[in-house]
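Structure file final.cif (mmCIF, C-alpha atoms) is printed below.
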```cif
data_final
loop_
_atom_site.label_atom_id
_atom_site.label_comp_id
_atom_site.auth_asym_id
_atom_site.auth_seq_id
_atom_site.Cartn_x
_atom_site.Cartn_y
_atom_site.Cartn_z
CA MET A 1 20.26 24.50 -5.64
CA ILE A 2 20.11 21.33 -7.71
CA PRO A 3 17.89 18.62 -6.17
CA GLU A 4 19.57 15.34 -5.37
CA ALA A 5 18.25 11.84 -5.77
CA ALA A 6 17.31 10.07 -2.55
CA HIS A 7 17.88 6.41 -1.77
CA VAL A 8 16.22 3.95 0.62
CA GLY A 9 18.18 0.77 1.21
CA VAL A 10 16.66 -2.46 2.43
CA GLU A 11 18.54 -2.00 5.72
CA ASP A 12 17.11 1.53 6.15
CA VAL A 13 13.43 0.59 6.37
CA PRO A 14 12.52 -2.87 7.72
CA TRP A 15 9.59 -5.08 6.80
CA VAL A 16 7.03 -5.05 9.63
CA GLU A 17 3.56 -6.51 10.07
CA ASN A 18 0.74 -4.25 8.94
CA HIS A 19 -1.60 -4.49 11.93
CA ALA A 20 -4.54 -3.18 9.87
CA TYR A 21 -4.36 -6.49 7.94
CA PRO A 22 -2.83 -9.25 10.08
CA GLY A 23 -0.47 -11.49 8.16
CA THR A 24 0.57 -8.72 5.76
CA MET A 25 4.00 -7.11 5.82
CA MET A 26 4.93 -3.57 4.75
CA ARG A 27 7.79 -1.17 4.19
CA LEU A 28 6.94 2.54 4.00
CA LEU A 29 9.51 4.00 1.63
CA ARG A 30 8.26 7.57 1.23
CA ALA A 31 5.66 9.72 2.97
CA ASP A 32 5.25 13.24 1.62
CA LEU A 33 2.79 14.78 4.06
CA ALA A 34 2.62 18.14 2.26
CA GLU A 35 1.92 16.51 -1.10
CA GLY A 36 -0.22 13.72 0.37
CA THR A 37 1.69 10.99 -1.45
CA TYR A 38 3.19 7.78 -0.10
CA VAL A 39 5.08 4.80 -1.47
CA MET A 40 4.56 1.42 0.18
CA ALA A 41 5.99 -2.02 -0.47
CA GLY A 42 3.69 -4.83 0.61
CA ARG A 43 3.73 -8.58 1.07
CA LEU A 44 0.21 -9.98 0.94
CA PRO A 45 -0.74 -13.51 2.00
CA ALA A 46 -3.04 -15.84 0.08
CA GLY A 47 -6.71 -15.27 1.01
CA LEU A 48 -6.30 -11.60 2.01
CA GLU A 49 -9.25 -9.31 1.31
CA VAL A 50 -9.06 -5.54 1.76
CA GLY A 51 -12.36 -3.75 2.30
CA THR A 52 -14.01 -1.86 -0.54
CA HIS A 53 -12.31 1.50 -0.94
CA ARG A 54 -12.17 4.56 -3.18
CA HIS A 55 -9.05 6.54 -4.07
CA ILE A 56 -9.44 10.30 -4.26
CA GLY A 57 -6.10 10.59 -6.09
CA ALA A 58 -4.33 8.40 -8.62
CA VAL A 59 -2.64 5.12 -7.64
CA HIS A 60 0.16 3.25 -9.41
CA MET A 61 0.68 -0.38 -8.39
CA PHE A 62 3.37 -2.80 -9.53
CA THR A 63 3.12 -6.52 -8.87
CA LEU A 64 6.55 -8.00 -8.18
CA ALA A 65 5.49 -11.54 -7.19
CA GLY A 66 2.31 -13.56 -6.76
CA ALA A 67 -1.14 -12.46 -7.90
CA TRP A 68 -4.07 -10.31 -6.77
CA GLY A 69 -7.22 -8.81 -8.21
CA TYR A 70 -10.33 -6.72 -7.66
CA ARG A 71 -13.74 -8.29 -7.01
CA GLU A 72 -15.24 -5.77 -9.46
CA HIS A 73 -12.97 -6.70 -12.42
CA GLY A 74 -12.14 -9.87 -14.33
CA PHE A 75 -8.38 -9.38 -14.64
CA VAL A 76 -5.73 -10.69 -12.27
CA ASN A 77 -2.50 -8.81 -11.65
CA ARG A 78 0.50 -11.15 -11.78
CA ALA A 79 4.26 -10.67 -11.36
CA GLY A 80 5.40 -8.01 -13.81
CA SER A 81 1.97 -6.31 -13.99
CA TYR A 82 1.38 -2.57 -13.66
CA LEU A 83 -1.98 -1.14 -12.65
CA TYR A 84 -3.14 2.48 -12.84
CA GLU A 85 -6.14 3.51 -10.76
CA PRO A 86 -7.64 6.88 -11.74
CA PRO A 87 -8.96 9.25 -9.08
CA GLY A 88 -12.41 8.14 -7.93
CA SER A 89 -11.91 4.44 -8.69
CA THR A 90 -13.64 2.09 -6.25
CA HIS A 91 -12.75 -1.56 -5.75
CA THR A 92 -12.25 -4.49 -3.36
CA LEU A 93 -8.73 -5.95 -3.43
CA PHE A 94 -8.24 -9.68 -2.86
CA VAL A 95 -5.40 -12.17 -3.05
CA PRO A 96 -6.49 -15.57 -4.39
CA ALA A 97 -6.71 -18.18 -1.64
CA ASP A 98 -4.87 -20.67 -3.84
CA ASN A 99 -1.78 -18.48 -4.35
CA THR A 100 1.30 -20.64 -3.84
CA GLU A 101 3.57 -17.69 -3.01
CA VAL A 102 3.31 -14.42 -1.13
CA THR A 103 2.18 -11.54 -3.35
CA GLU A 104 4.60 -8.64 -3.31
CA THR A 105 3.61 -5.17 -4.53
CA LEU A 106 4.93 -1.64 -4.76
CA THR A 107 2.25 1.02 -4.55
CA ILE A 108 2.35 4.80 -5.06
CA VAL A 109 -0.74 6.50 -3.64
CA HIS A 110 -1.70 10.14 -4.20
CA GLY A 111 -4.19 11.56 -1.72
CA VAL A 112 -6.80 10.04 0.53
CA THR A 113 -8.27 6.54 0.43
CA GLU A 114 -11.86 6.21 1.67
CA TYR A 115 -13.04 2.83 3.02
CA LEU A 116 -16.71 2.13 2.34
CA ASP A 117 -19.44 0.05 3.94
CA ALA A 118 -21.93 -2.07 1.96
CA ASP A 119 -24.09 1.02 1.32
CA GLY A 120 -21.17 3.09 -0.01
CA ASN A 121 -20.82 5.23 3.12
CA VAL A 122 -17.32 6.29 4.17
CA VAL A 123 -16.41 4.46 7.39
CA ALA A 124 -12.66 5.19 7.53
CA VAL A 125 -10.00 7.20 5.70
CA SER A 126 -6.30 6.72 5.16
CA ASP A 127 -3.60 9.03 3.84
CA ALA A 128 0.18 9.55 3.93
CA ALA A 129 0.12 10.72 7.56
CA ALA A 130 -2.00 7.77 8.70
CA ASN A 131 0.30 5.32 6.92
CA LEU A 132 3.37 6.92 8.50
CA ARG A 133 1.78 6.62 11.97
CA GLY A 134 0.77 3.02 11.27
CA TYR A 135 4.24 2.11 10.07
CA TYR A 136 5.86 3.65 13.15
CA GLU A 137 3.37 1.80 15.40
CA SER A 138 4.17 -1.48 13.65
CA CYS A 139 7.91 -0.87 14.11
CA GLU A 140 7.41 -0.16 17.80
CA ALA A 141 5.21 -3.27 18.20
CA ALA A 142 8.05 -5.32 16.66
CA GLY A 143 10.55 -3.78 19.09
CA LEU A 144 12.28 -1.82 16.34
CA PRO A 145 13.29 1.85 16.53
CA ARG A 146 11.67 4.29 14.15
CA PRO A 147 13.67 4.01 10.93
CA SER A 148 15.48 7.11 9.74
CA GLY A 149 15.51 5.98 6.09
CA ILE A 150 11.92 6.87 5.15
CA LEU A 151 11.88 9.71 2.65
CA LEU A 152 9.80 12.43 4.30
#
```

Using the file provided, produce a representation of the structure as C-alpha coordinates.
Amino acid sequence: MIPEAAHVGVEDVPWVENHAYPGTMMRLLRADLAEGTYVMAGRLPAGLEVGTHRHIGAVHMFTLAGAWGYREHGFVNRAGSYLYEPPGSTHTLFVPADNTEVTETLTIVHGVTEYLDADGNVVAVSDAAANLRGYYESCEAAGLPRPSGILL
(Lines of atoms letter the chains of each structure in order from A and count residues from 1; the text may use other names and numbers.)
(Lines give C-alpha, C1' and ligand atoms only; values in the text may rest on other atoms or scores of the structure.)
Protein backbone atom coordinates (compact mmCIF):
# COMPACT_ATOMS: atom_id res chain seq x y z
CA MET A 1 0.00 0.00 0.00
CA ILE A 2 1.31 3.44 -0.93
CA PRO A 3 0.91 6.02 1.85
CA GLU A 4 -1.17 9.06 1.02
CA ALA A 5 -0.61 12.65 2.00
CA ALA A 6 -2.97 14.01 4.65
CA HIS A 7 -4.46 17.49 4.73
CA VAL A 8 -5.83 19.68 7.52
CA GLY A 9 -7.87 22.63 6.34
CA VAL A 10 -8.48 25.74 8.39
CA GLU A 11 -12.15 24.73 8.67
CA ASP A 12 -11.19 21.25 9.97
CA VAL A 13 -9.44 22.36 13.17
CA PRO A 14 -10.54 25.65 14.79
CA TRP A 15 -8.47 28.12 16.77
CA VAL A 16 -9.33 27.84 20.48
CA GLU A 17 -7.97 29.41 23.64
CA ASN A 18 -5.13 27.49 25.26
CA HIS A 19 -6.30 27.44 28.89
CA ALA A 20 -2.78 26.59 30.11
CA TYR A 21 -1.78 30.12 28.99
CA PRO A 22 -4.79 32.48 29.02
CA GLY A 23 -4.87 34.82 26.06
CA THR A 24 -3.10 32.36 23.76
CA MET A 25 -4.83 30.57 20.90
CA MET A 26 -3.97 27.17 19.43
CA ARG A 27 -4.76 24.71 16.67
CA LEU A 28 -3.59 21.12 17.14
CA LEU A 29 -2.89 19.86 13.63
CA ARG A 30 -1.34 16.46 14.33
CA ALA A 31 -0.99 14.23 17.38
CA ASP A 32 0.86 10.95 16.85
CA LEU A 33 0.47 9.23 20.21
CA ALA A 34 2.52 6.17 19.22
CA GLU A 35 5.41 8.29 17.96
CA GLY A 36 5.01 10.96 20.66
CA THR A 37 5.02 13.81 18.14
CA TYR A 38 2.62 16.71 17.77
CA VAL A 39 2.23 19.74 15.53
CA MET A 40 0.69 22.88 17.00
CA ALA A 41 -0.07 26.30 15.56
CA GLY A 42 -0.08 29.05 18.16
CA ARG A 43 -1.02 32.70 18.52
CA LEU A 44 0.85 34.29 21.39
CA PRO A 45 0.01 37.69 22.89
CA ALA A 46 2.53 40.38 23.79
CA GLY A 47 3.90 39.89 27.32
CA LEU A 48 3.39 36.10 27.42
CA GLU A 49 5.95 34.10 29.39
CA VAL A 50 6.02 30.30 29.37
CA GLY A 51 7.69 28.63 32.35
CA THR A 52 11.21 27.25 32.05
CA HIS A 53 11.07 23.89 30.31
CA ARG A 54 13.26 21.17 28.83
CA HIS A 55 12.53 19.16 25.69
CA ILE A 56 13.45 15.49 25.78
CA GLY A 57 13.12 15.27 21.98
CA ALA A 58 13.86 17.69 19.17
CA VAL A 59 11.65 20.70 18.43
CA HIS A 60 11.25 22.64 15.19
CA MET A 61 9.60 26.07 15.44
CA PHE A 62 8.67 28.47 12.66
CA THR A 63 7.73 32.07 13.36
CA LEU A 64 5.02 33.24 10.96
CA ALA A 65 4.29 36.67 12.51
CA GLY A 66 5.44 38.78 15.44
CA ALA A 67 8.46 38.05 17.62
CA TRP A 68 9.48 35.92 20.60
CA GLY A 69 12.65 34.81 22.35
CA TYR A 70 14.25 32.85 25.16
CA ARG A 71 15.39 34.49 28.40
CA GLU A 72 18.60 32.42 28.18
CA HIS A 73 19.61 33.63 24.67
CA GLY A 74 20.24 36.97 23.01
CA PHE A 75 18.46 36.33 19.71
CA VAL A 76 14.84 37.15 18.90
CA ASN A 77 12.80 35.03 16.51
CA ARG A 78 10.89 37.19 14.04
CA ALA A 79 8.52 36.46 11.16
CA GLY A 80 10.26 34.10 8.75
CA SER A 81 12.58 32.64 11.43
CA TYR A 82 13.18 28.92 11.97
CA LEU A 83 14.45 27.56 15.27
CA TYR A 84 15.78 24.06 16.01
CA GLU A 85 15.92 22.92 19.62
CA PRO A 86 18.04 19.81 20.20
CA PRO A 87 16.96 17.17 22.72
CA GLY A 88 17.80 18.30 26.25
CA SER A 89 17.59 22.04 25.52
CA THR A 90 16.23 24.11 28.40
CA HIS A 91 14.79 27.60 28.07
CA THR A 92 12.13 30.14 29.09
CA LEU A 93 10.01 31.41 26.19
CA PHE A 94 8.73 34.98 26.23
CA VAL A 95 6.93 37.32 23.85
CA PRO A 96 8.14 40.93 24.12
CA ALA A 97 5.64 43.14 25.93
CA ASP A 98 6.04 45.80 23.25
CA ASN A 99 5.04 43.54 20.34
CA THR A 100 2.59 45.43 18.15
CA GLU A 101 1.07 42.28 16.65
CA VAL A 102 0.16 38.80 17.81
CA THR A 103 3.02 36.32 17.41
CA GLU A 104 2.05 33.31 15.33
CA THR A 105 4.11 30.11 15.35
CA LEU A 106 4.07 26.57 14.01
CA THR A 107 5.79 24.06 16.27
CA ILE A 108 6.69 20.39 15.77
CA VAL A 109 7.52 18.68 19.07
CA HIS A 110 9.04 15.21 19.42
CA GLY A 111 8.62 13.60 22.83
CA VAL A 112 8.03 14.94 26.30
CA THR A 113 8.43 18.50 27.57
CA GLU A 114 9.37 18.85 31.25
CA TYR A 115 8.44 22.07 33.09
CA LEU A 116 10.95 23.06 35.77
CA ASP A 117 10.88 25.05 38.99
CA ALA A 118 13.57 27.55 40.00
CA ASP A 119 15.75 24.71 41.33
CA GLY A 120 15.50 22.67 38.10
CA ASN A 121 13.07 20.11 39.50
CA VAL A 122 10.40 18.73 37.16
CA VAL A 123 7.01 20.04 38.28
CA ALA A 124 4.90 19.09 35.24
CA VAL A 125 5.19 17.21 31.95
CA SER A 126 3.49 17.55 28.60
CA ASP A 127 3.39 15.31 25.55
CA ALA A 128 1.27 14.57 22.46
CA ALA A 129 -1.49 12.91 24.51
CA ALA A 130 -1.65 15.79 27.00
CA ASN A 131 -1.85 18.33 24.18
CA LEU A 132 -4.62 16.36 22.48
CA ARG A 133 -6.61 16.26 25.75
CA GLY A 134 -5.99 19.98 26.31
CA TYR A 135 -7.09 20.85 22.79
CA TYR A 136 -10.29 18.81 23.14
CA GLU A 137 -11.00 20.46 26.52
CA SER A 138 -10.49 23.91 24.98
CA CYS A 139 -12.87 23.04 22.13
CA GLU A 140 -15.50 21.85 24.60
CA ALA A 141 -15.05 24.99 26.74
CA ALA A 142 -15.68 27.07 23.59
CA GLY A 143 -18.84 25.08 22.85
CA LEU A 144 -17.28 23.43 19.80
CA PRO A 145 -17.47 19.72 18.96
CA ARG A 146 -14.27 17.72 18.88
CA PRO A 147 -12.80 18.33 15.42
CA SER A 148 -12.39 15.34 13.16
CA GLY A 149 -9.60 16.95 11.12
CA ILE A 150 -6.69 16.40 13.53
CA LEU A 151 -4.22 13.94 12.06
CA LEU A 152 -4.00 11.14 14.62

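Of the listed residues (A:Pro87, A:Pro96, A:Gly36, A:Gly120), A:Pro96 comes nearest to Glu49 (chain A); the distances count only C-alpha atoms.
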
Quick one: residues within 9 Å of Ser89 (chain A), all atoms listed in the file counted, chain neighbours fewer than 4 positions away excluded, as a PDB file with C-alpha atoms, in the coordinates of the input?
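Result file is around-v3.pdb:
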```
ATOM      1  CA  HIS A  53     -12.310   1.500  -0.940  1.00  0.00           C
ATOM      2  CA  ARG A  54     -12.170   4.560  -3.180  1.00  0.00           C
ATOM      3  CA  HIS A  55      -9.050   6.540  -4.070  1.00  0.00           C
ATOM      4  CA  ILE A  56      -9.440  10.300  -4.260  1.00  0.00           C
ATOM      5  CA  GLY A  57      -6.100  10.590  -6.090  1.00  0.00           C
ATOM      6  CA  ALA A  58      -4.330   8.400  -8.620  1.00  0.00           C
ATOM      7  CA  GLU A  85      -6.140   3.510 -10.760  1.00  0.00           C
TER       8      GLU A  85
END
```

One-decimal distance in Å that lies between CA of Val125 (chain A) and CA of Leu152 (chain A): 20.5 Å

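Checking A:Val112, A:Leu151, A:Ala41, A:Val95 one by one against Trp15 (chain A), counting all atoms listed in the file, you find the shortest gap at A:Ala41.
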
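Distance check against Phe75 (chain A) using all atoms listed in the file: of A:Leu93, A:Cys139, A:Ala128, A:Ala20, the minimum falls on A:Leu93.
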
Using N, CA, C and O atoms, give me region 22-55 of chain A from the structure I just pasted, as a short mmCIF file (atom, residue, chain, number, x, y, z; two decimals), in the first residue's frame.
```cif
data_model
loop_
_atom_site.label_atom_id
_atom_site.label_comp_id
_atom_site.auth_asym_id
_atom_site.auth_seq_id
_atom_site.Cartn_x
_atom_site.Cartn_y
_atom_site.Cartn_z
N PRO A 22 -3.67 31.60 29.41
CA PRO A 22 -4.79 32.48 29.02
C PRO A 22 -4.34 33.58 28.07
O PRO A 22 -3.27 34.16 28.22
N GLY A 23 -5.17 33.82 27.07
CA GLY A 23 -4.87 34.82 26.06
C GLY A 23 -4.18 34.25 24.84
O GLY A 23 -4.03 34.94 23.84
N THR A 24 -3.72 33.00 24.92
CA THR A 24 -3.10 32.36 23.76
C THR A 24 -4.16 31.54 23.03
O THR A 24 -5.13 31.07 23.61
N MET A 25 -3.94 31.37 21.73
CA MET A 25 -4.83 30.57 20.90
C MET A 25 -4.01 29.44 20.28
O MET A 25 -2.80 29.58 20.07
N MET A 26 -4.69 28.31 19.99
CA MET A 26 -3.97 27.17 19.43
C MET A 26 -4.84 26.40 18.45
O MET A 26 -6.07 26.45 18.51
N ARG A 27 -4.15 25.69 17.56
CA ARG A 27 -4.76 24.71 16.67
C ARG A 27 -3.85 23.49 16.71
O ARG A 27 -2.67 23.59 16.36
N LEU A 28 -4.36 22.36 17.15
CA LEU A 28 -3.59 21.12 17.14
C LEU A 28 -3.81 20.45 15.79
O LEU A 28 -4.93 20.04 15.47
N LEU A 29 -2.77 20.37 14.99
CA LEU A 29 -2.89 19.86 13.63
C LEU A 29 -2.61 18.37 13.52
O LEU A 29 -3.18 17.68 12.69
N ARG A 30 -1.71 17.87 14.37
CA ARG A 30 -1.34 16.46 14.33
C ARG A 30 -0.94 16.02 15.73
O ARG A 30 -0.24 16.75 16.43
N ALA A 31 -1.39 14.83 16.11
CA ALA A 31 -0.99 14.23 17.38
C ALA A 31 -0.75 12.75 17.14
O ALA A 31 -1.70 11.99 16.98
N ASP A 32 0.50 12.36 17.05
CA ASP A 32 0.86 10.95 16.85
C ASP A 32 1.23 10.39 18.21
O ASP A 32 2.34 10.57 18.70
N LEU A 33 0.26 9.72 18.84
CA LEU A 33 0.47 9.23 20.21
C LEU A 33 1.49 8.11 20.26
O LEU A 33 2.24 7.99 21.23
N ALA A 34 1.55 7.27 19.23
CA ALA A 34 2.52 6.17 19.22
C ALA A 34 3.94 6.70 19.07
O ALA A 34 4.86 6.23 19.72
N GLU A 35 4.10 7.70 18.22
CA GLU A 35 5.41 8.29 17.96
C GLU A 35 5.78 9.35 19.00
O GLU A 35 6.94 9.70 19.18
N GLY A 36 4.76 9.92 19.66
CA GLY A 36 5.01 10.96 20.66
C GLY A 36 5.30 12.31 20.04
O GLY A 36 5.99 13.14 20.64
N THR A 37 4.77 12.56 18.85
CA THR A 37 5.02 13.81 18.14
C THR A 37 3.72 14.57 17.98
O THR A 37 2.66 13.98 17.79
N TYR A 38 3.80 15.91 18.07
CA TYR A 38 2.62 16.71 17.77
C TYR A 38 3.02 17.98 17.03
O TYR A 38 4.16 18.43 17.11
N VAL A 39 2.05 18.52 16.29
CA VAL A 39 2.23 19.74 15.53
C VAL A 39 1.16 20.72 15.98
O VAL A 39 -0.02 20.41 15.94
N MET A 40 1.60 21.90 16.42
CA MET A 40 0.69 22.88 17.00
C MET A 40 0.95 24.25 16.37
O MET A 40 2.09 24.69 16.27
N ALA A 41 -0.14 24.90 15.96
CA ALA A 41 -0.07 26.30 15.56
C ALA A 41 -0.47 27.13 16.78
O ALA A 41 -1.38 26.75 17.52
N GLY A 42 0.21 28.23 16.99
CA GLY A 42 -0.08 29.05 18.16
C GLY A 42 -0.13 30.53 17.83
O GLY A 42 0.57 30.99 16.92
N ARG A 43 -0.97 31.24 18.57
CA ARG A 43 -1.02 32.70 18.52
C ARG A 43 -0.75 33.19 19.93
O ARG A 43 -1.51 32.89 20.86
N LEU A 44 0.34 33.92 20.08
CA LEU A 44 0.85 34.29 21.39
C LEU A 44 0.77 35.80 21.59
O LEU A 44 1.31 36.55 20.77
N PRO A 45 0.15 36.24 22.68
CA PRO A 45 0.01 37.69 22.89
C PRO A 45 1.29 38.32 23.43
O PRO A 45 2.14 37.65 24.03
N ALA A 46 1.41 39.62 23.23
CA ALA A 46 2.53 40.38 23.79
C ALA A 46 2.54 40.20 25.30
O ALA A 46 1.49 40.16 25.94
N GLY A 47 3.75 40.03 25.87
CA GLY A 47 3.90 39.89 27.32
C GLY A 47 3.80 38.47 27.84
O GLY A 47 4.03 38.23 29.02
N LEU A 48 3.50 37.50 26.98
CA LEU A 48 3.39 36.10 27.42
C LEU A 48 4.74 35.59 27.90
O LEU A 48 5.78 35.89 27.30
N GLU A 49 4.75 34.81 28.96
CA GLU A 49 5.95 34.10 29.39
C GLU A 49 5.54 32.67 29.72
O GLU A 49 4.59 32.44 30.47
N VAL A 50 6.25 31.72 29.12
CA VAL A 50 6.02 30.30 29.37
C VAL A 50 7.10 29.84 30.34
O VAL A 50 8.27 30.18 30.16
N GLY A 51 6.73 29.08 31.34
CA GLY A 51 7.69 28.63 32.35
C GLY A 51 8.90 27.93 31.74
O GLY A 51 8.84 27.39 30.63
N THR A 52 9.99 27.93 32.49
CA THR A 52 11.21 27.25 32.05
C THR A 52 10.90 25.78 31.80
O THR A 52 10.24 25.13 32.60
N HIS A 53 11.36 25.29 30.66
CA HIS A 53 11.07 23.89 30.31
C HIS A 53 12.22 23.28 29.52
O HIS A 53 13.07 23.99 28.97
N ARG A 54 12.21 21.95 29.52
CA ARG A 54 13.26 21.17 28.83
C ARG A 54 12.57 20.19 27.90
O ARG A 54 11.62 19.51 28.28
N HIS A 55 13.07 20.11 26.67
CA HIS A 55 12.53 19.16 25.69
C HIS A 55 13.39 17.91 25.69
O HIS A 55 14.61 17.98 25.54
#
```
